[in-house]
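Chemist: What follows is a single structure, and I will ask about it in a moment.
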Amino acid sequence: MKRLVIFDLDGTLLNTYADIAAATNHALRLRGYPEHSVAVIKSFVGNGINKLFERALPEGHKDEFLEIRRDFIPYYNEHGTELTFVFDGMVELLEKIQSKNIKIGVASNKYEEATKHLMKHFFPTINFVAIIGQRDGIPTKPDPRIVFEIMNAANTEDPSDVLYIGDSEVDMQTAKNAKVDVVGVSWGCKTRETLEQHSPIAVVDNADDICKYIL
């Protein structure tokens, strides 16, 4: 049985893409730049918001990502829960893990203020040992530092005691870099085929199937 389970946020625990798209398009619209569909914005997600904005900006304006960020964050902080929803079975899964006294952490490339707000809003009954998002000056995933920080908060030293759950190749590589087991979920931003290329121990199609790799 694992002692610590670490979850990615966007595309793993929560479907946040519509809210991310709304905030991104709000920021682009303010500056007169073309907007994008939710599906296109979804393809930009995974490497932090600075990279998201670089991808969303038109050619010749990629260096304006900080300006987009300044408009994005206040809007997302206010509206970021309006269109977001929890993926099926994830509340029940977290509650089951918690009932077994297994520690739970969140490791996200979303900026930390929003990461913590979303976890508290959508999972108020879960006592996360650590909720860590993107912070200025700290490498984003797939750098493994975020995993090591959560392990330290959980007093867990052995990587074999840890399971990481994520929906993208960034997550698969993060777990590999941290030398912890990883399970991919098929309902996020990447296909099963993309995840399987990174050799997770499994790719699952529903929350219940995660349990067998934890317990």
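Residue numbers start at 1 in each chain; chains themselves are named A, B, ... in the order of the structure tokens; ligands are numbered from 1 in the order shown.
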Name all residues at most 12 Å from segment 198-213 of chain A (count only C-alpha atoms; drop same-chain ones fewer than 6 positions away) and give them as a PyMOL selection string.

Modeler: chain A and resi 1-5+7+12-13+86-98+100+102+160-177+179-188+190-192

Chemist: Please identify all polymer residues within 9 Å of segment 76-82 of chain A, counting only C-alpha atoms, omitting same-chain residues fewer than 3 positions from it, and present them as a PyMOL selection string.

Modeler: chain A and resi 16+18-20+22-24+71-73+85+113-114+117-118+121-122

Chemist: Could the residues in this selection be written to a file with N, CA, C and O atoms, as a PDB file, in the first residue's frame?

Modeler:
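What landed in part-v9.pdb:
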```
ATOM      1  N   THR A  16     -10.833  22.159 -15.694  1.00  0.00           N
ATOM      2  CA  THR A  16     -10.697  23.603 -15.533  1.00  0.00           C
ATOM      3  C   THR A  16     -10.611  24.342 -16.865  1.00  0.00           C
ATOM      4  O   THR A  16     -10.456  25.566 -16.884  1.00  0.00           O
ATOM      5  N   ALA A  18     -12.526  25.277 -19.413  1.00  0.00           N
ATOM      6  CA  ALA A  18     -13.420  26.353 -19.836  1.00  0.00           C
ATOM      7  C   ALA A  18     -13.117  27.649 -19.097  1.00  0.00           C
ATOM      8  O   ALA A  18     -13.144  28.738 -19.689  1.00  0.00           O
ATOM      9  N   ASP A  19     -12.816  27.549 -17.806  1.00  0.00           N
ATOM     10  CA  ASP A  19     -12.465  28.747 -17.044  1.00  0.00           C
ATOM     11  C   ASP A  19     -11.108  29.303 -17.458  1.00  0.00           C
ATOM     12  O   ASP A  19     -10.915  30.527 -17.509  1.00  0.00           O
ATOM     13  N   ILE A  20     -10.153  28.422 -17.723  1.00  0.00           N
ATOM     14  CA  ILE A  20      -8.846  28.885 -18.200  1.00  0.00           C
ATOM     15  C   ILE A  20      -9.007  29.596 -19.543  1.00  0.00           C
ATOM     16  O   ILE A  20      -8.418  30.656 -19.783  1.00  0.00           O
ATOM     17  N   ALA A  22     -11.739  31.080 -20.713  1.00  0.00           N
ATOM     18  CA  ALA A  22     -12.454  32.344 -20.530  1.00  0.00           C
ATOM     19  C   ALA A  22     -11.506  33.442 -20.051  1.00  0.00           C
ATOM     20  O   ALA A  22     -11.562  34.583 -20.533  1.00  0.00           O
ATOM     21  N   ALA A  23     -10.644  33.107 -19.099  1.00  0.00           N
ATOM     22  CA  ALA A  23      -9.713  34.107 -18.564  1.00  0.00           C
ATOM     23  C   ALA A  23      -8.640  34.478 -19.586  1.00  0.00           C
ATOM     24  O   ALA A  23      -8.257  35.643 -19.702  1.00  0.00           O
ATOM     25  N   THR A  24      -8.156  33.485 -20.320  1.00  0.00           N
ATOM     26  CA  THR A  24      -7.151  33.755 -21.346  1.00  0.00           C
ATOM     27  C   THR A  24      -7.726  34.631 -22.453  1.00  0.00           C
ATOM     28  O   THR A  24      -7.101  35.619 -22.876  1.00  0.00           O
ATOM     29  N   ASP A  71      -3.452  40.628 -16.828  1.00  0.00           N
ATOM     30  CA  ASP A  71      -4.894  40.724 -17.035  1.00  0.00           C
ATOM     31  C   ASP A  71      -5.610  39.416 -16.700  1.00  0.00           C
ATOM     32  O   ASP A  71      -6.773  39.423 -16.288  1.00  0.00           O
ATOM     33  N   PHE A  72      -4.912  38.305 -16.895  1.00  0.00           N
ATOM     34  CA  PHE A  72      -5.504  36.988 -16.660  1.00  0.00           C
ATOM     35  C   PHE A  72      -5.780  36.741 -15.177  1.00  0.00           C
ATOM     36  O   PHE A  72      -6.872  36.293 -14.793  1.00  0.00           O
ATOM     37  N   ILE A  73      -4.788  36.990 -14.325  1.00  0.00           N
ATOM     38  CA  ILE A  73      -4.869  36.547 -12.933  1.00  0.00           C
ATOM     39  C   ILE A  73      -6.045  37.161 -12.171  1.00  0.00           C
ATOM     40  O   ILE A  73      -6.796  36.421 -11.508  1.00  0.00           O
ATOM     41  N   PHE A  85     -15.411  21.911 -13.023  1.00  0.00           N
ATOM     42  CA  PHE A  85     -16.111  20.860 -12.278  1.00  0.00           C
ATOM     43  C   PHE A  85     -15.154  19.710 -11.969  1.00  0.00           C
ATOM     44  O   PHE A  85     -14.126  19.544 -12.622  1.00  0.00           O
ATOM     45  N   GLU A 113      -1.568  30.402  -5.928  1.00  0.00           N
ATOM     46  CA  GLU A 113      -2.754  31.012  -5.333  1.00  0.00           C
ATOM     47  C   GLU A 113      -4.025  30.339  -5.835  1.00  0.00           C
ATOM     48  O   GLU A 113      -4.919  29.995  -5.051  1.00  0.00           O
ATOM     49  N   ALA A 114      -4.106  30.145  -7.135  1.00  0.00           N
ATOM     50  CA  ALA A 114      -5.289  29.511  -7.719  1.00  0.00           C
ATOM     51  C   ALA A 114      -5.359  28.030  -7.362  1.00  0.00           C
ATOM     52  O   ALA A 114      -6.440  27.491  -7.120  1.00  0.00           O
ATOM     53  N   HIS A 117      -6.742  27.754  -3.878  1.00  0.00           N
ATOM     54  CA  HIS A 117      -8.147  28.169  -3.837  1.00  0.00           C
ATOM     55  C   HIS A 117      -9.053  27.088  -4.414  1.00  0.00           C
ATOM     56  O   HIS A 117     -10.104  26.761  -3.820  1.00  0.00           O
ATOM     57  N   LEU A 118      -8.671  26.512  -5.546  1.00  0.00           N
ATOM     58  CA  LEU A 118      -9.499  25.493  -6.175  1.00  0.00           C
ATOM     59  C   LEU A 118      -9.614  24.245  -5.312  1.00  0.00           C
ATOM     60  O   LEU A 118     -10.700  23.652  -5.194  1.00  0.00           O
ATOM     61  N   HIS A 121     -11.952  24.980  -2.475  1.00  0.00           N
ATOM     62  CA  HIS A 121     -13.330  25.188  -2.946  1.00  0.00           C
ATOM     63  C   HIS A 121     -13.999  23.866  -3.307  1.00  0.00           C
ATOM     64  O   HIS A 121     -15.157  23.630  -2.917  1.00  0.00           O
ATOM     65  N   PHE A 122     -13.304  23.013  -4.050  1.00  0.00           N
ATOM     66  CA  PHE A 122     -13.924  21.803  -4.573  1.00  0.00           C
ATOM     67  C   PHE A 122     -13.733  20.572  -3.692  1.00  0.00           C
ATOM     68  O   PHE A 122     -14.486  19.597  -3.832  1.00  0.00           O
TER      69      PHE A 122
END
```

Chemist: What residues in segment 63-165 of chain A get the DSSP label alpha helix (DSSP H)? Please answer as a ChimeraX atom specification.

Modeler: /A:65-79,90-99,112-122,145-153

Chemist: Run DSSP on the backbone and grab whatever in segment 29-138 of chain A lands in strand (DSSP E or B); send it over as a list in words.

Modeler: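 Selection result, strand (DSSP E or B) within segment 29-138 of chain A: Phe85, Val86, Lys103, Ile104, Gly105, Val106, Ala107, Ser108, Asn109, Lys110, Tyr111, Ala130, Ile131, Ile132, Gly133 and Gln134 of chain A.
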
Chemist: Restrict the selected residues to N, CA, C and O atoms and save them as an mmCIF file, in the first residue's frame.

Modeler:
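This went into again-v3.cif:
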```
data_model
loop_
_atom_site.group_PDB
_atom_site.id
_atom_site.type_symbol
_atom_site.label_atom_id
_atom_site.label_comp_id
_atom_site.auth_asym_id
_atom_site.auth_seq_id
_atom_site.Cartn_x
_atom_site.Cartn_y
_atom_site.Cartn_z
ATOM 1 N N PHE A 85 -15.411 21.911 -13.023
ATOM 2 C CA PHE A 85 -16.111 20.860 -12.278
ATOM 3 C C PHE A 85 -15.154 19.710 -11.969
ATOM 4 O O PHE A 85 -14.126 19.544 -12.622
ATOM 5 N N VAL A 86 -15.513 18.953 -10.944
ATOM 6 C CA VAL A 86 -14.716 17.800 -10.513
ATOM 7 C C VAL A 86 -15.003 16.621 -11.440
ATOM 8 O O VAL A 86 -16.159 16.339 -11.773
ATOM 9 N N LYS A 103 -1.673 9.698 2.959
ATOM 10 C CA LYS A 103 -1.549 11.138 2.783
ATOM 11 C C LYS A 103 -1.752 11.523 1.313
ATOM 12 O O LYS A 103 -1.438 10.756 0.413
ATOM 13 N N ILE A 104 -2.278 12.734 1.116
ATOM 14 C CA ILE A 104 -2.627 13.205 -0.223
ATOM 15 C C ILE A 104 -1.991 14.566 -0.458
ATOM 16 O O ILE A 104 -2.086 15.463 0.388
ATOM 17 N N GLY A 105 -1.348 14.716 -1.606
ATOM 18 C CA GLY A 105 -0.772 15.999 -2.000
ATOM 19 C C GLY A 105 -1.213 16.393 -3.392
ATOM 20 O O GLY A 105 -1.704 15.561 -4.164
ATOM 21 N N VAL A 106 -1.052 17.663 -3.704
ATOM 22 C CA VAL A 106 -1.364 18.179 -5.039
ATOM 23 C C VAL A 106 -0.135 18.892 -5.580
ATOM 24 O O VAL A 106 0.456 19.743 -4.893
ATOM 25 N N ALA A 107 0.244 18.536 -6.811
ATOM 26 C CA ALA A 107 1.404 19.138 -7.480
ATOM 27 C C ALA A 107 0.945 19.683 -8.826
ATOM 28 O O ALA A 107 0.588 18.916 -9.716
ATOM 29 N N SER A 108 0.931 20.998 -8.968
ATOM 30 C CA SER A 108 0.376 21.611 -10.165
ATOM 31 C C SER A 108 1.324 22.645 -10.757
ATOM 32 O O SER A 108 2.092 23.285 -10.030
ATOM 33 N N ASN A 109 1.230 22.826 -12.083
ATOM 34 C CA ASN A 109 1.914 23.928 -12.739
ATOM 35 C C ASN A 109 1.023 25.168 -12.823
ATOM 36 O O ASN A 109 1.435 26.185 -13.376
ATOM 37 N N LYS A 110 -0.188 25.092 -12.270
ATOM 38 C CA LYS A 110 -1.030 26.276 -12.132
ATOM 39 C C LYS A 110 -0.444 27.140 -11.014
ATOM 40 O O LYS A 110 0.101 26.614 -10.036
ATOM 41 N N TYR A 111 -0.556 28.467 -11.159
ATOM 42 C CA TYR A 111 0.025 29.325 -10.133
ATOM 43 C C TYR A 111 -0.593 29.008 -8.766
ATOM 44 O O TYR A 111 -1.750 28.641 -8.649
ATOM 45 N N ALA A 130 -0.065 18.689 1.492
ATOM 46 C CA ALA A 130 0.581 19.820 0.821
ATOM 47 C C ALA A 130 -0.149 20.090 -0.481
ATOM 48 O O ALA A 130 -0.546 19.159 -1.194
ATOM 49 N N ILE A 131 -0.340 21.366 -0.786
ATOM 50 C CA ILE A 131 -0.905 21.816 -2.059
ATOM 51 C C ILE A 131 0.101 22.807 -2.631
ATOM 52 O O ILE A 131 0.269 23.904 -2.099
ATOM 53 N N ILE A 132 0.777 22.408 -3.699
ATOM 54 C CA ILE A 132 1.852 23.234 -4.234
ATOM 55 C C ILE A 132 1.596 23.510 -5.712
ATOM 56 O O ILE A 132 1.341 22.587 -6.498
ATOM 57 N N GLY A 133 1.657 24.786 -6.070
ATOM 58 C CA GLY A 133 1.507 25.195 -7.457
ATOM 59 C C GLY A 133 2.761 25.891 -7.955
ATOM 60 O O GLY A 133 3.815 25.861 -7.311
ATOM 61 N N GLN A 134 2.625 26.537 -9.104
ATOM 62 C CA GLN A 134 3.755 27.241 -9.703
ATOM 63 C C GLN A 134 4.079 28.492 -8.908
ATOM 64 O O GLN A 134 3.201 29.254 -8.524
#
```

Chemist: Can you pull out every residue within 12 Å of Pro58 of chain A, counting only C-alpha atoms, but drop anything in the same chain fewer than 3 positions away, and send it as a VMD selection string?

Modeler: chain A and resid 28 31 to 36 53 to 55 61 to 65

Chemist: Identify which of the residues A:Glu112, A:Asn152, A:Lys51, A:Leu195 lies closest to Ile138 of chain A, counting only C-alpha atoms when measuring atom-to-atom distances.

Modeler: A:Glu112

Chemist: Just want the 7 Å neighbourhood of Ala154 of chain A, counted on only C-alpha atoms, with same-chain residues fewer than 3 positions away dropped. Output as a list in words.

Modeler: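 In the requested form, the answer reads Lys103, Val129, Ile150 and Met151 of chain A.
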
Chemist: Go ahead and dump the residues you just picked, N, CA, C and O atoms, as a PDB file, in the first residue's frame.

Modeler:
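Saved the output as result03.pdb:
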```
ATOM      1  N   LYS A 103      -1.673   9.698   2.959  1.00  0.00           N
ATOM      2  CA  LYS A 103      -1.549  11.138   2.783  1.00  0.00           C
ATOM      3  C   LYS A 103      -1.752  11.523   1.313  1.00  0.00           C
ATOM      4  O   LYS A 103      -1.438  10.756   0.413  1.00  0.00           O
ATOM      5  N   VAL A 129      -1.903  17.066   2.648  1.00  0.00           N
ATOM      6  CA  VAL A 129      -0.656  17.280   3.382  1.00  0.00           C
ATOM      7  C   VAL A 129       0.126  18.437   2.787  1.00  0.00           C
ATOM      8  O   VAL A 129       0.881  19.121   3.496  1.00  0.00           O
ATOM      9  N   ILE A 150       6.588  17.761  -1.512  1.00  0.00           N
ATOM     10  CA  ILE A 150       5.405  17.106  -0.948  1.00  0.00           C
ATOM     11  C   ILE A 150       5.816  15.886  -0.127  1.00  0.00           C
ATOM     12  O   ILE A 150       5.268  15.643   0.956  1.00  0.00           O
ATOM     13  N   MET A 151       6.790  15.128  -0.616  1.00  0.00           N
ATOM     14  CA  MET A 151       7.286  13.991   0.158  1.00  0.00           C
ATOM     15  C   MET A 151       7.841  14.451   1.499  1.00  0.00           C
ATOM     16  O   MET A 151       7.604  13.810   2.541  1.00  0.00           O
TER      17      MET A 151
END
```

Chemist: With only C-alpha atoms as the atoms that count, which of A:Thr115, A:Asn47, A:Thr125, A:Gln197 lies nearest to Pro142 of chain A?

Modeler: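 Once distances to Pro142 of chain A are computed over only C-alpha atoms, the minimum belongs to A:Asn47.
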
Chemist: I'd like the contact shell of Val45 of chain A - 9 Å cut-off, only C-alpha atoms, skipping same-chain residues fewer than 2 positions apart - returned as a list in words.

Modeler: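 With the cut-off at 9 Å, the set is Asp10, Tyr17, Ile20, Ile41, Lys42, Ser43, Asn47, Gly48, Ile49, Lys51, Leu52 and Cys189 of chain A.
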
Chemist: Suppose we keep N, CA and C atoms; can you now write the selection as a compact mmCIF listing (two decimals), in the first residue's frame?

Modeler:
```txt
# COMPACT_ATOMS: atom_id res chain seq x y z
N ASP A 10 -5.10 20.25 -13.03
CA ASP A 10 -5.81 20.46 -14.29
C ASP A 10 -5.83 19.17 -15.11
N TYR A 17 -10.70 23.63 -17.97
CA TYR A 17 -10.33 24.21 -19.25
C TYR A 17 -11.23 25.37 -19.69
N ILE A 20 -10.15 28.42 -17.72
CA ILE A 20 -8.85 28.88 -18.20
C ILE A 20 -9.01 29.60 -19.54
N ILE A 41 -7.25 26.07 -26.33
CA ILE A 41 -6.63 26.44 -25.05
C ILE A 41 -6.21 25.19 -24.29
N LYS A 42 -7.03 24.17 -24.32
CA LYS A 42 -6.70 22.90 -23.64
C LYS A 42 -5.38 22.36 -24.13
N SER A 43 -5.11 22.50 -25.41
CA SER A 43 -3.85 21.98 -25.97
C SER A 43 -2.65 22.81 -25.54
N ASN A 47 2.27 23.39 -18.97
CA ASN A 47 3.62 23.83 -18.63
C ASN A 47 3.64 25.16 -17.88
N GLY A 48 2.54 25.49 -17.21
CA GLY A 48 2.46 26.74 -16.48
C GLY A 48 1.83 27.85 -17.31
N ILE A 49 1.35 28.92 -16.62
CA ILE A 49 0.58 29.92 -17.35
C ILE A 49 1.45 30.79 -18.26
N LYS A 51 3.86 29.81 -20.18
CA LYS A 51 3.94 29.07 -21.44
C LYS A 51 2.58 29.04 -22.13
N LEU A 52 1.50 28.94 -21.36
CA LEU A 52 0.16 29.01 -21.93
C LEU A 52 -0.02 30.30 -22.73
N CYS A 189 -5.93 16.08 -20.72
CA CYS A 189 -5.61 16.83 -21.94
C CYS A 189 -4.84 16.01 -22.96
```

Chemist: With distances taken over only C-alpha atoms, which residue among A:Leu30, A:Val40, A:Ile214, A:Pro159 lies nearest Pro144 of chain A?

Modeler: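 Of the candidates, the smallest distance to Pro144 of chain A is held by A:Pro159.
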